[in-house]
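So this one's target-v4.txt, compact mmCIF, C-alpha atoms:
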# COMPACT_ATOMS: atom_id res chain seq x y z
CA MET B 1 -17.89 -4.19 -7.21
CA ASN B 2 -20.26 -5.51 -9.87
CA ALA B 3 -23.39 -7.59 -9.41
CA ASP B 4 -21.58 -10.85 -10.18
CA HIS B 5 -19.34 -10.29 -7.18
CA SER B 6 -22.28 -9.67 -4.86
CA ARG B 7 -23.86 -13.11 -5.26
CA ALA B 8 -23.74 -15.68 -2.46
CA GLY B 9 -20.23 -16.89 -1.71
CA PHE B 10 -18.44 -20.11 -0.96
CA ALA B 11 -19.73 -22.93 1.22
CA ARG B 12 -18.14 -23.19 4.66
CA SER B 13 -15.77 -26.00 3.63
CA GLU B 14 -14.41 -23.96 0.74
CA THR B 15 -13.81 -20.94 2.97
CA GLU B 16 -12.02 -23.10 5.53
CA GLU B 17 -9.81 -24.35 2.70
CA LEU B 18 -8.88 -20.79 1.88
CA LEU B 19 -8.09 -20.04 5.51
CA ALA B 20 -5.72 -22.99 5.68
CA ALA B 21 -3.93 -22.28 2.41
CA PRO B 22 -0.93 -19.98 2.04
CA VAL B 23 -1.38 -16.79 0.06
CA ASP B 24 -0.14 -17.45 -3.47
CA TRP B 25 1.25 -14.24 -4.91
CA ASP B 26 2.21 -13.75 -8.48
CA LEU B 27 1.87 -10.07 -7.60
CA SER B 28 3.43 -7.64 -5.18
CA PRO B 29 3.04 -8.16 -1.43
CA SER B 30 0.63 -5.21 -1.39
CA ARG B 31 -2.05 -7.40 -2.97
CA HIS B 32 -2.27 -9.50 0.22
CA LEU B 33 -4.70 -7.04 1.73
CA HIS B 34 -6.98 -7.51 -1.27
CA GLN B 35 -6.81 -11.27 -0.80
CA LYS B 36 -7.77 -10.84 2.86
CA ASP B 37 -10.58 -8.52 1.83
CA ILE B 38 -12.05 -11.15 -0.50
CA LEU B 39 -11.68 -13.81 2.17
CA MET B 40 -13.47 -11.74 4.80
CA GLN B 41 -16.33 -11.04 2.39
CA GLN B 42 -16.61 -14.77 1.67
CA ILE B 43 -16.74 -15.51 5.39
CA ASP B 44 -19.44 -12.86 5.86
CA ARG B 45 -21.48 -14.39 3.03
CA ASP B 46 -21.03 -17.89 4.49
CA HIS B 47 -22.46 -16.72 7.82
CA HIS B 48 -25.39 -15.14 6.03
CA SER B 49 -26.14 -18.18 3.87
CA LEU B 50 -26.00 -20.45 6.94
CA GLY B 51 -28.37 -18.22 8.88
CA GLU B 52 -25.74 -17.32 11.47
CA THR B 53 -25.60 -14.04 13.31
CA SER B 54 -22.54 -12.04 12.38
CA PRO B 55 -21.39 -8.46 12.33
CA ALA B 56 -22.26 -6.37 9.30
CA PRO B 57 -20.00 -7.27 6.35
CA ARG B 58 -16.83 -5.20 6.36
CA ARG B 59 -15.64 -3.84 3.04
CA ARG B 60 -11.96 -3.00 3.29
CA LEU B 61 -10.33 -0.98 0.56
CA PRO B 62 -6.63 -1.62 0.02
CA ARG B 63 -4.29 0.91 1.57
CA LEU B 64 -2.28 3.14 -0.69
CA ALA B 65 1.25 2.03 -0.34
CA LEU B 66 -0.09 -1.47 0.02
CA MET B 67 -2.91 -0.86 -2.36
CA VAL B 68 -1.02 0.13 -5.40
CA PRO B 69 -0.54 -0.86 -8.13
CA ALA B 70 -3.95 -2.46 -7.67
CA THR B 71 -5.79 0.86 -7.63
CA SER B 72 -8.72 -0.44 -9.63
CA LEU B 73 -9.36 -3.06 -6.94
CA ALA B 74 -9.85 -0.22 -4.50
CA LEU B 75 -12.03 1.57 -7.01
CA ALA B 76 -14.25 -1.47 -7.43
CA GLY B 77 -15.36 -0.99 -3.83
CA ALA B 78 -14.99 2.77 -3.84
CA LEU B 79 -17.65 3.28 -6.49
CA VAL B 80 -20.38 2.14 -4.14
CA VAL B 81 -19.03 3.75 -0.97
CA THR B 82 -20.91 6.86 0.03
CA PHE B 83 -19.04 10.03 0.90
CA SER B 84 -20.04 10.82 4.43
CA GLY B 85 -18.31 12.57 7.28
CA SER B 86 -21.38 13.15 9.39
CA ASP B 87 -20.35 11.21 12.49
CA HIS B 88 -17.22 10.75 14.54
CA THR B 89 -16.57 7.27 13.20
CA SER B 90 -16.49 8.33 9.58
CA ALA B 91 -13.27 8.96 7.75
CA PRO B 92 -11.81 12.46 8.00
CA THR B 93 -12.15 14.59 4.92
CA ALA B 94 -9.50 16.81 3.44
CA LYS B 95 -9.80 19.74 1.08
CA PRO B 96 -8.13 18.74 -2.19
CA PRO B 97 -4.76 20.47 -2.61
CA VAL B 98 -4.78 23.31 -5.08
CA SER B 99 -2.69 22.33 -8.10
CA SER B 100 -0.67 25.36 -9.12
CA PRO B 101 2.59 25.86 -11.01
CA ALA B 102 4.26 26.73 -7.71
CA ARG B 103 3.16 23.47 -6.06
CA VAL B 104 4.22 21.42 -9.07
CA THR B 105 7.63 23.13 -8.91
CA ASN B 106 7.80 22.56 -5.16
CA ALA B 107 7.11 18.85 -5.71
CA SER B 108 10.07 18.60 -8.09
CA VAL B 109 12.32 20.62 -5.78
CA THR B 110 11.29 18.55 -2.76
CA LEU B 111 11.91 15.24 -4.54
CA ALA B 112 15.32 16.52 -5.64
CA ARG B 113 16.15 17.27 -1.98
CA ILE B 114 14.88 13.83 -0.96
CA ALA B 115 17.01 12.25 -3.69
CA ASP B 116 20.11 14.03 -2.40
CA ALA B 117 19.37 12.90 1.17
CA ALA B 118 18.82 9.30 0.01
CA MET B 119 22.19 9.27 -1.71
CA LYS B 120 23.86 10.03 1.63
CA THR B 121 22.08 7.24 3.49
CA ASP B 122 24.36 4.61 5.00
CA THR B 123 22.71 1.36 3.89
CA THR B 124 24.18 -2.09 4.48
CA PRO B 125 23.45 -4.48 1.57
CA VAL B 126 20.93 -7.23 2.33
CA LYS B 127 22.21 -10.76 1.72
CA GLU B 128 20.22 -13.42 -0.13
CA ASP B 129 19.83 -15.55 3.00
CA GLN B 130 18.36 -12.66 5.01
CA PHE B 131 14.94 -11.04 5.36
CA VAL B 132 13.87 -7.42 5.09
CA TYR B 133 11.69 -6.60 8.09
CA ILE B 134 9.04 -3.86 7.85
CA ARG B 135 6.80 -2.78 10.73
CA ARG B 136 3.84 -0.53 9.93
CA LEU B 137 0.75 1.02 11.43
CA ALA B 138 -2.32 1.01 9.23
CA ARG B 139 -5.93 2.18 9.32
CA GLU B 140 -8.30 0.80 6.72
CA ASN B 141 -11.93 1.21 5.77
CA LYS B 142 -14.18 -1.17 7.68
CA GLY B 143 -17.48 0.44 6.75
CA THR B 144 -20.31 -1.66 5.41
CA PHE B 145 -20.33 -2.31 1.69
CA GLY B 146 -22.24 0.52 0.03
CA GLY B 147 -22.17 2.60 3.22
CA PRO B 148 -20.00 5.49 4.36
CA VAL B 149 -16.26 5.13 4.75
CA VAL B 150 -15.38 4.31 8.36
CA LEU B 151 -11.72 4.04 9.26
CA GLY B 152 -10.87 1.20 11.60
CA ALA B 153 -8.47 1.49 14.50
CA ALA B 154 -4.77 1.63 13.78
CA HIS B 155 -3.27 -1.86 13.83
CA LYS B 156 0.26 -3.15 13.53
CA GLU B 157 1.49 -5.12 10.55
CA GLU B 158 4.85 -6.87 10.36
CA ARG B 159 6.34 -8.26 7.17
CA TRP B 160 9.40 -10.42 6.54
CA MET B 161 10.48 -10.48 2.90
CA SER B 162 12.90 -13.14 1.73
CA GLN B 163 15.73 -12.13 -0.59
CA LYS B 164 16.33 -15.53 -2.16
CA PRO B 165 14.99 -16.12 -5.71
CA GLY B 166 13.94 -19.57 -6.83
CA PRO B 167 11.09 -21.75 -8.17
CA VAL B 168 7.88 -22.12 -6.16
CA THR B 169 8.91 -20.67 -2.83
CA THR B 170 7.92 -18.67 0.20
CA THR B 171 9.00 -15.11 -0.48
CA GLY B 172 7.91 -13.62 2.83
CA TRP B 173 5.70 -13.69 5.89
CA LEU B 174 2.97 -11.34 7.08
CA ARG B 175 1.40 -10.82 10.52
CA SER B 176 -1.24 -8.26 11.55
CA SER B 177 -2.27 -7.55 15.13
CA GLY B 178 -4.50 -5.14 17.00
CA LYS B 179 -8.11 -4.01 16.81
CA ASP B 180 -9.59 -4.11 13.29
CA ALA B 181 -6.73 -6.19 11.89
CA VAL B 182 -7.80 -8.95 9.52
CA MET B 183 -6.92 -12.42 10.87
CA PRO B 184 -4.97 -10.88 13.80
CA GLY B 185 -1.91 -12.60 15.19
CA GLN B 186 -1.63 -15.16 12.40
CA LEU B 187 1.77 -15.43 10.73
CA GLY B 188 0.93 -16.20 7.13
CA PRO B 189 3.31 -17.24 4.36
CA ILE B 190 3.63 -15.28 1.13
CA THR B 191 4.32 -17.58 -1.81
CA THR B 192 4.89 -17.03 -5.49
CA SER B 193 5.75 -19.14 -8.51
CA PRO B 194 8.30 -18.61 -9.80
CA ALA B 195 9.92 -16.23 -7.33
CA GLN B 196 11.92 -14.27 -9.84
CA PRO B 197 13.07 -10.83 -8.69
CA GLY B 198 11.30 -7.88 -10.29
CA LEU B 199 8.72 -5.22 -9.47
CA TRP B 200 6.51 -7.92 -7.91
CA TYR B 201 9.40 -9.38 -5.90
CA PRO B 202 11.91 -6.55 -5.40
CA THR B 203 14.96 -8.03 -3.70
CA TYR B 204 17.89 -5.86 -2.68
CA THR B 205 20.09 -7.45 -5.35
CA TRP B 206 17.50 -6.74 -8.04
CA LEU B 207 17.07 -3.16 -6.87
CA ALA B 208 20.84 -2.69 -7.03
CA SER B 209 20.78 -3.81 -10.67
CA LEU B 210 18.34 -1.11 -11.77
CA PRO B 211 19.55 1.85 -13.83
CA THR B 212 20.52 4.88 -11.76
CA ASP B 213 19.78 7.28 -14.59
CA PRO B 214 16.33 8.72 -13.70
CA ASP B 215 15.06 8.71 -17.30
CA ALA B 216 16.12 5.10 -17.85
CA LEU B 217 14.60 4.05 -14.54
CA LEU B 218 11.33 5.84 -15.30
CA LYS B 219 11.15 4.12 -18.69
CA LEU B 220 11.62 0.75 -16.97
CA LEU B 221 8.83 1.56 -14.49
CA TYR B 222 6.45 2.53 -17.28
CA THR B 223 7.34 -0.61 -19.22
CA GLN B 224 7.02 -3.09 -16.36
CA THR B 225 4.20 -1.63 -14.25
CA ARG B 226 0.90 -3.41 -14.73
CA VAL B 227 -2.10 -1.17 -15.31
CA GLU B 228 -5.38 -2.40 -13.87
CA LYS B 229 -8.65 -1.62 -15.58
CA GLY B 230 -9.80 1.86 -14.63
CA ASP B 231 -6.32 3.14 -13.83
CA SER B 232 -4.16 5.55 -15.74
CA LYS B 233 -0.60 4.57 -16.56
CA ASP B 234 0.76 7.60 -14.69
CA GLU B 235 -1.15 6.71 -11.53
CA ALA B 236 -0.06 3.08 -11.74
CA VAL B 237 3.59 4.11 -11.95
CA PHE B 238 3.17 6.59 -9.08
CA GLY B 239 1.66 3.69 -7.14
CA THR B 240 4.62 1.46 -7.96
CA VAL B 241 6.95 4.10 -6.53
CA GLY B 242 4.88 4.17 -3.33
CA GLU B 243 4.87 0.38 -3.11
CA LEU B 244 8.65 0.23 -3.36
CA LEU B 245 9.14 2.98 -0.79
CA SER B 246 6.91 1.19 1.70
CA SER B 247 8.18 -2.35 1.42
CA VAL B 248 11.91 -2.59 0.71
CA ILE B 249 15.38 -1.53 1.79
CA MET B 250 16.91 0.13 -1.24
CA PRO B 251 20.50 0.86 -2.29
CA PRO B 252 21.16 4.62 -1.94
CA ALA B 253 21.88 5.15 -5.65
CA THR B 254 18.68 3.35 -6.64
CA ALA B 255 16.60 5.29 -4.11
CA SER B 256 18.03 8.59 -5.30
CA ALA B 257 17.25 7.74 -8.93
CA LEU B 258 13.73 6.63 -7.98
CA TYR B 259 12.92 9.99 -6.40
CA LYS B 260 14.27 11.86 -9.41
CA ALA B 261 12.24 9.61 -11.70
CA ALA B 262 9.09 10.20 -9.61
CA ALA B 263 9.52 13.94 -10.11
CA LYS B 264 8.95 13.37 -13.83
CA ILE B 265 5.56 11.65 -13.42
CA PRO B 266 2.84 13.99 -14.75
CA GLY B 267 0.31 15.34 -12.26
CA ILE B 268 2.32 15.29 -9.04
CA THR B 269 2.01 18.21 -6.66
CA TRP B 270 3.32 19.28 -3.26
CA ILE B 271 1.53 19.46 0.09
CA PRO B 272 3.24 21.44 2.87
CA ASP B 273 1.77 19.30 5.65
CA ALA B 274 0.47 15.72 5.66
CA THR B 275 -0.04 13.32 8.57
CA ASP B 276 0.67 9.58 8.63
CA ALA B 277 -1.10 6.87 10.65
CA ALA B 278 1.19 7.49 13.63
CA GLY B 279 0.17 11.15 13.75
CA ARG B 280 3.53 12.35 12.46
CA HIS B 281 3.47 15.48 10.31
CA GLY B 282 5.51 15.54 7.14
CA ILE B 283 5.77 16.85 3.60
CA GLY B 284 3.38 15.30 1.10
CA ILE B 285 3.80 14.48 -2.57
CA THR B 286 0.39 13.75 -4.05
CA ARG B 287 -1.23 12.80 -7.32
CA ARG B 288 -4.93 13.24 -8.05
CA ASP B 289 -6.22 10.78 -10.63
CA THR B 290 -9.67 11.50 -12.02
CA ARG B 291 -9.74 8.30 -14.06
CA SER B 292 -9.59 6.05 -10.99
CA ALA B 293 -11.30 8.64 -8.75
CA THR B 294 -8.51 8.39 -6.19
CA ARG B 295 -5.80 10.59 -4.74
CA SER B 296 -2.56 9.16 -3.39
CA VAL B 297 -0.20 10.90 -0.97
CA LEU B 298 3.38 9.90 -0.14
CA ILE B 299 4.61 11.42 3.13
CA PHE B 300 8.21 12.29 4.05
CA ASN B 301 9.79 13.39 7.33
CA LYS B 302 10.27 17.17 7.29
CA ASP B 303 13.71 16.95 8.90
CA THR B 304 15.35 13.75 7.62
CA LEU B 305 13.28 13.55 4.38
CA ALA B 306 12.93 9.79 4.96
CA TYR B 307 9.76 8.09 3.73
CA ALA B 308 7.18 8.05 6.55
CA GLY B 309 3.92 6.68 5.18
CA SER B 310 0.98 7.28 2.87
CA GLN B 311 -2.65 8.30 2.55
CA ALA B 312 -5.32 7.20 0.06
CA TYR B 313 -8.40 9.27 -0.72
CA LEU B 314 -11.55 8.84 -2.75
CA ILE B 315 -12.21 11.87 -4.90
CA SER B 316 -15.52 13.58 -4.21
CA HIS B 317 -17.09 15.67 -6.95
CA LYS B 318 -20.07 16.67 -4.82
CA ALA B 319 -20.04 20.19 -3.41
CA ASN B 320 -20.34 20.56 0.35
CA ALA B 321 -22.02 23.35 2.32
CA ARG B 322 -19.01 25.59 1.76
CA GLY B 323 -19.33 25.22 -2.00
CA THR B 324 -16.10 23.20 -2.24
CA THR B 325 -15.47 19.47 -2.63
CA ASP B 326 -13.86 17.22 -0.06
CA ASP B 327 -11.89 14.06 -0.71
CA VAL B 328 -12.53 11.19 1.70
CA LEU B 329 -9.65 9.39 3.39
CA PHE B 330 -10.10 5.62 3.14
CA GLY B 331 -6.62 4.35 4.01
CA ILE B 332 -3.60 5.63 5.88
CA ASP B 333 -0.39 3.99 7.05
CA ALA B 334 3.00 4.70 8.62
CA VAL B 335 6.29 2.84 8.31
CA MET B 336 7.57 2.59 11.87
CA GLU B 337 10.68 0.49 11.36
CA ARG B 338 12.83 -1.18 8.73
CA GLY B 339 15.57 -3.66 9.39
CA VAL B 340 17.38 -6.81 8.32
CA VAL B 341 17.02 -10.13 10.17
CA ASP B 342 18.32 -13.63 9.57
CA ARG B 343 15.03 -15.54 10.02
CA GLN B 344 11.34 -14.89 9.58
CA GLY B 345 9.66 -14.07 12.87
CA GLU B 346 12.73 -12.30 14.21
CA VAL B 347 12.73 -8.56 14.82
CA PRO B 348 15.68 -6.17 14.65
CA ALA B 349 17.74 -5.76 17.81
CA THR B 350 16.47 -2.21 18.28
CA THR B 351 12.90 -3.55 18.48
CA ALA B 352 13.71 -6.47 20.75
CA SER B 353 15.63 -4.34 23.26

So that I can check it, write out the structure of this file as structure tokens.
Amino acid sequence: MNADHSRAGFARSETEELLAAPVDWDLSPSRHLHQKDILMQQIDRDHHSLGETSPAPRRRLPRLALMVPATSLALAGALVVTFSGSDHTSAPTAKPPVSSPARVTNASVTLARIADAAMKTDTTPVKEDQFVYIRRLARENKGTFGGPVVLGAAHKEERWMSQKPGPVTTTGWLRSSGKDAVMPGQLGPITTSPAQPGLWYPTYTWLASLPTDPDALLKLLYTQTRVEKGDSKDEAVFGTVGELLSSVIMPPATASALYKAAAKIPGITWIPDATDAAGRHGIGITRRDTRSATRSVLIFNKDTLAYAGSQAYLISHKANARGTTDDVLFGIDAVMERGVVDRQGEVPATTAS
């Protein structure tokens, strides 16, 4: 974050206005975390300017599958975060995966297997008057701005995404709960104008309209994905894939084509074991991006090959005592449930029972 962003923030009345207002998204739902991040920083600055006692400001970096394609927003904070794993509250470190021809090949082979499994998935189409429900666990950086990365406790996030396009409208609802959640328990509306289906509002009907030829689909992703300053195009597209996997219910043919398209993104490699926020071990597909100084990991169930969650790392170029470099985990999540409900606030029958 640059110096302009570090100056004193809003007055209390302006912050209260922000708290009362719905989140206006002309972007993907993943950007909501960034909005909350900005809001929390403004609140922290308000307390400081008013002479109030408050906890140390918490700088939260957007999670991967919810971070992307806004990678540069994460980087803005990441550039002044120190790489430290010296105490038990700091983020775990992980030795960067060795990129080798075998691991690149394994990534392509694994995604081909995942694509085949996706094609066999029995998915009921989502109607325009219904909502896609996603329940996740997430851990995010709550370390002080400029200090070491400190992962917060895992908290639950529920999202209800409308399927109905239109003019200015509410396209979904978001609620976080648990320790270290931002604005816990509040059910907040997600609005956009206009709410036209696309990468930033991926309804089931829109997803079903996408090309199922992997090359054509990849071309569409490269054409329509927005690239933030500091990102590479390849990383932005890899992020878009992760965003879709984490936040929608997808027609089998579209999902299969998406995995085959992802296999063609330069720089991807395979990890034999990766763990999501729920502690579940799976297969990882990762991409290390030196331009944005981040590494993203998409995690899949080893048995069913279903998408399980994601990890986001900051790339460290500093050698440790072993003479190697460690990447620092600053965000991790897990998709615990997907379903279709008729109204926002409802949960699938399997959850309610």

Might you pull out every residue within 9 Å of Leu220 of chain B, with only C-alpha atoms counted and same-chain residues fewer than 5 positions away left off, and present them as a list in words? Leu210, Pro211, Asp215 and Thr225 of chain B

Find the residues near Ile299 of chain B: any atom within 12 Å, counting all atoms listed in the file, skip ones fewer than 6 places away on the same chain, and give them as a short mmCIF file (atom, residue, chain, number, x, y, z; two decimals) with C-alpha atoms, keeping the file's coordinate frame.
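Output below, filename result_36.cif:
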data_model
loop_
_atom_site.label_atom_id
_atom_site.label_comp_id
_atom_site.auth_asym_id
_atom_site.auth_seq_id
_atom_site.Cartn_x
_atom_site.Cartn_y
_atom_site.Cartn_z
CA LEU B 64 -2.28 3.14 -0.69
CA ALA B 65 1.25 2.03 -0.34
CA ALA B 107 7.11 18.85 -5.71
CA THR B 110 11.29 18.55 -2.76
CA LEU B 111 11.91 15.24 -4.54
CA ILE B 114 14.88 13.83 -0.96
CA GLY B 242 4.88 4.17 -3.33
CA LEU B 245 9.14 2.98 -0.79
CA SER B 246 6.91 1.19 1.70
CA TRP B 270 3.32 19.28 -3.26
CA ILE B 271 1.53 19.46 0.09
CA PRO B 272 3.24 21.44 2.87
CA ASP B 273 1.77 19.30 5.65
CA ALA B 274 0.47 15.72 5.66
CA THR B 275 -0.04 13.32 8.57
CA ASP B 276 0.67 9.58 8.63
CA ALA B 277 -1.10 6.87 10.65
CA ALA B 278 1.19 7.49 13.63
CA GLY B 279 0.17 11.15 13.75
CA ARG B 280 3.53 12.35 12.46
CA HIS B 281 3.47 15.48 10.31
CA GLY B 282 5.51 15.54 7.14
CA ILE B 283 5.77 16.85 3.60
CA GLY B 284 3.38 15.30 1.10
CA ILE B 285 3.80 14.48 -2.57
CA THR B 286 0.39 13.75 -4.05
CA LEU B 305 13.28 13.55 4.38
CA ALA B 306 12.93 9.79 4.96
CA TYR B 307 9.76 8.09 3.73
CA ALA B 308 7.18 8.05 6.55
CA GLY B 309 3.92 6.68 5.18
CA SER B 310 0.98 7.28 2.87
CA GLN B 311 -2.65 8.30 2.55
CA ALA B 312 -5.32 7.20 0.06
CA ILE B 332 -3.60 5.63 5.88
CA ASP B 333 -0.39 3.99 7.05
CA ALA B 334 3.00 4.70 8.62
CA VAL B 335 6.29 2.84 8.31
#

I'd like the neighbourhood of segment 231-238 of chain B as a PDB file with C-alpha atoms, in the frame of the given file, where a residue qualifies if any of its atoms comes within 7 Å (using only C-alpha atoms), though same-chain residues fewer than 2 positions away should be ignored.
ATOM      1  CA  PRO B  69      -0.540  -0.860  -8.130  1.00  0.00           C
ATOM      2  CA  THR B  71      -5.790   0.860  -7.630  1.00  0.00           C
ATOM      3  CA  SER B  72      -8.720  -0.440  -9.630  1.00  0.00           C
ATOM      4  CA  LEU B 221       8.830   1.560 -14.490  1.00  0.00           C
ATOM      5  CA  TYR B 222       6.450   2.530 -17.280  1.00  0.00           C
ATOM      6  CA  THR B 225       4.200  -1.630 -14.250  1.00  0.00           C
ATOM      7  CA  VAL B 227      -2.100  -1.170 -15.310  1.00  0.00           C
ATOM      8  CA  GLU B 228      -5.380  -2.400 -13.870  1.00  0.00           C
ATOM      9  CA  LYS B 229      -8.650  -1.620 -15.580  1.00  0.00           C
ATOM     10  CA  THR B 240       4.620   1.460  -7.960  1.00  0.00           C
ATOM     11  CA  VAL B 241       6.950   4.100  -6.530  1.00  0.00           C
ATOM     12  CA  GLY B 242       4.880   4.170  -3.330  1.00  0.00           C
ATOM     13  CA  ALA B 262       9.090  10.200  -9.610  1.00  0.00           C
ATOM     14  CA  ILE B 265       5.560  11.650 -13.420  1.00  0.00           C
ATOM     15  CA  PRO B 266       2.840  13.990 -14.750  1.00  0.00           C
ATOM     16  CA  ASP B 289      -6.220  10.780 -10.630  1.00  0.00           C
ATOM     17  CA  ARG B 291      -9.740   8.300 -14.060  1.00  0.00           C
ATOM     18  CA  SER B 292      -9.590   6.050 -10.990  1.00  0.00           C
TER      19      SER B 292
END

Between atom CA of Gly198 of chain B and atom CA of Trp160 of chain B lies a distance of 17.1 Å

Quick one: residues within 12 Å of Pro184 of chain B, only C-alpha atoms counted, chain neighbours fewer than 2 positions away excluded, as a list in words? Lys36, His155, Lys156, Glu157, Glu158, Leu174, Arg175, Ser176, Ser177, Gly178, Lys179, Asp180, Ala181, Val182, Gln186, Leu187 and Gly188 of chain B

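Closest approach to Lys219 of chain B among B:Ala261, B:Val341, B:Thr294, B:Tyr313 is made by B:Ala261 (distances from all atoms listed in the file).
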
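Excluding Leu258 of chain B itself and any same-chain residue fewer than 6 positions from it, the protein and nucleic acid residues within 8 Å of it, counting only C-alpha atoms, are Ala115, Thr212, Pro214, Leu217, Leu218 and Val241 of chain B.
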
Could I get segment 298-304 of chain B rebuilt with all heavy atoms, written as a PDB file, in the coordinates of the input?
ATOM      1  N   LEU B 298       2.185  10.463  -0.744  1.00  0.00           N
ATOM      2  CA  LEU B 298       3.380   9.900  -0.140  1.00  0.00           C
ATOM      3  C   LEU B 298       3.920  10.930   0.838  1.00  0.00           C
ATOM      4  O   LEU B 298       4.049  12.113   0.501  1.00  0.00           O
ATOM      5  CB  LEU B 298       4.435   9.581  -1.209  1.00  0.00           C
ATOM      6  CG  LEU B 298       3.968   8.686  -2.365  1.00  0.00           C
ATOM      7  CD1 LEU B 298       5.111   8.459  -3.355  1.00  0.00           C
ATOM      8  CD2 LEU B 298       3.440   7.359  -1.843  1.00  0.00           C
ATOM      9  N   ILE B 299       4.240  10.499   2.052  1.00  0.00           N
ATOM     10  CA  ILE B 299       4.610  11.420   3.130  1.00  0.00           C
ATOM     11  C   ILE B 299       6.074  11.215   3.515  1.00  0.00           C
ATOM     12  O   ILE B 299       6.533  10.073   3.673  1.00  0.00           O
ATOM     13  CB  ILE B 299       3.705  11.217   4.354  1.00  0.00           C
ATOM     14  CG1 ILE B 299       2.234  11.331   3.939  1.00  0.00           C
ATOM     15  CG2 ILE B 299       4.025  12.224   5.446  1.00  0.00           C
ATOM     16  CD1 ILE B 299       1.261  10.872   5.013  1.00  0.00           C
ATOM     17  N   PHE B 300       6.787  12.327   3.702  1.00  0.00           N
ATOM     18  CA  PHE B 300       8.210  12.290   4.050  1.00  0.00           C
ATOM     19  C   PHE B 300       8.483  13.137   5.291  1.00  0.00           C
ATOM     20  O   PHE B 300       7.881  14.195   5.477  1.00  0.00           O
ATOM     21  CB  PHE B 300       9.054  12.796   2.874  1.00  0.00           C
ATOM     22  CG  PHE B 300       8.877  11.993   1.621  1.00  0.00           C
ATOM     23  CD1 PHE B 300       7.869  12.308   0.710  1.00  0.00           C
ATOM     24  CD2 PHE B 300       9.687  10.906   1.350  1.00  0.00           C
ATOM     25  CE1 PHE B 300       7.684  11.559  -0.440  1.00  0.00           C
ATOM     26  CE2 PHE B 300       9.510  10.147   0.203  1.00  0.00           C
ATOM     27  CZ  PHE B 300       8.506  10.476  -0.693  1.00  0.00           C
ATOM     28  N   ASN B 301       9.397  12.665   6.127  1.00  0.00           N
ATOM     29  CA  ASN B 301       9.790  13.390   7.330  1.00  0.00           C
ATOM     30  C   ASN B 301      10.339  14.765   6.960  1.00  0.00           C
ATOM     31  O   ASN B 301      11.178  14.885   6.062  1.00  0.00           O
ATOM     32  CB  ASN B 301      10.852  12.578   8.081  1.00  0.00           C
ATOM     33  CG  ASN B 301      11.242  13.209   9.397  1.00  0.00           C
ATOM     34  OD1 ASN B 301      11.934  14.222   9.445  1.00  0.00           O
ATOM     35  ND2 ASN B 301      10.814  12.594  10.477  1.00  0.00           N
ATOM     36  N   LYS B 302       9.871  15.802   7.638  1.00  0.00           N
ATOM     37  CA  LYS B 302      10.270  17.170   7.290  1.00  0.00           C
ATOM     38  C   LYS B 302      11.743  17.433   7.564  1.00  0.00           C
ATOM     39  O   LYS B 302      12.351  18.287   6.915  1.00  0.00           O
ATOM     40  CB  LYS B 302       9.408  18.172   8.049  1.00  0.00           C
ATOM     41  CG  LYS B 302       7.965  18.213   7.588  1.00  0.00           C
ATOM     42  CD  LYS B 302       7.172  19.281   8.317  1.00  0.00           C
ATOM     43  CE  LYS B 302       5.738  19.341   7.807  1.00  0.00           C
ATOM     44  NZ  LYS B 302       4.925  20.388   8.490  1.00  0.00           N
ATOM     45  N   ASP B 303      12.314  16.714   8.535  1.00  0.00           N
ATOM     46  CA  ASP B 303      13.710  16.950   8.900  1.00  0.00           C
ATOM     47  C   ASP B 303      14.680  16.036   8.159  1.00  0.00           C
ATOM     48  O   ASP B 303      15.623  16.482   7.526  1.00  0.00           O
ATOM     49  CB  ASP B 303      13.893  16.788  10.416  1.00  0.00           C
ATOM     50  CG  ASP B 303      13.079  17.802  11.201  1.00  0.00           C
ATOM     51  OD1 ASP B 303      13.030  18.978  10.773  1.00  0.00           O
ATOM     52  OD2 ASP B 303      12.496  17.428  12.230  1.00  0.00           O
ATOM     53  N   THR B 304      14.422  14.721   8.225  1.00  0.00           N
ATOM     54  CA  THR B 304      15.350  13.750   7.620  1.00  0.00           C
ATOM     55  C   THR B 304      15.018  13.483   6.156  1.00  0.00           C
ATOM     56  O   THR B 304      15.860  12.948   5.423  1.00  0.00           O
ATOM     57  CB  THR B 304      15.300  12.424   8.380  1.00  0.00           C
ATOM     58  OG1 THR B 304      14.001  11.820   8.207  1.00  0.00           O
ATOM     59  CG2 THR B 304      15.571  12.626   9.867  1.00  0.00           C
TER      60      THR B 304
END
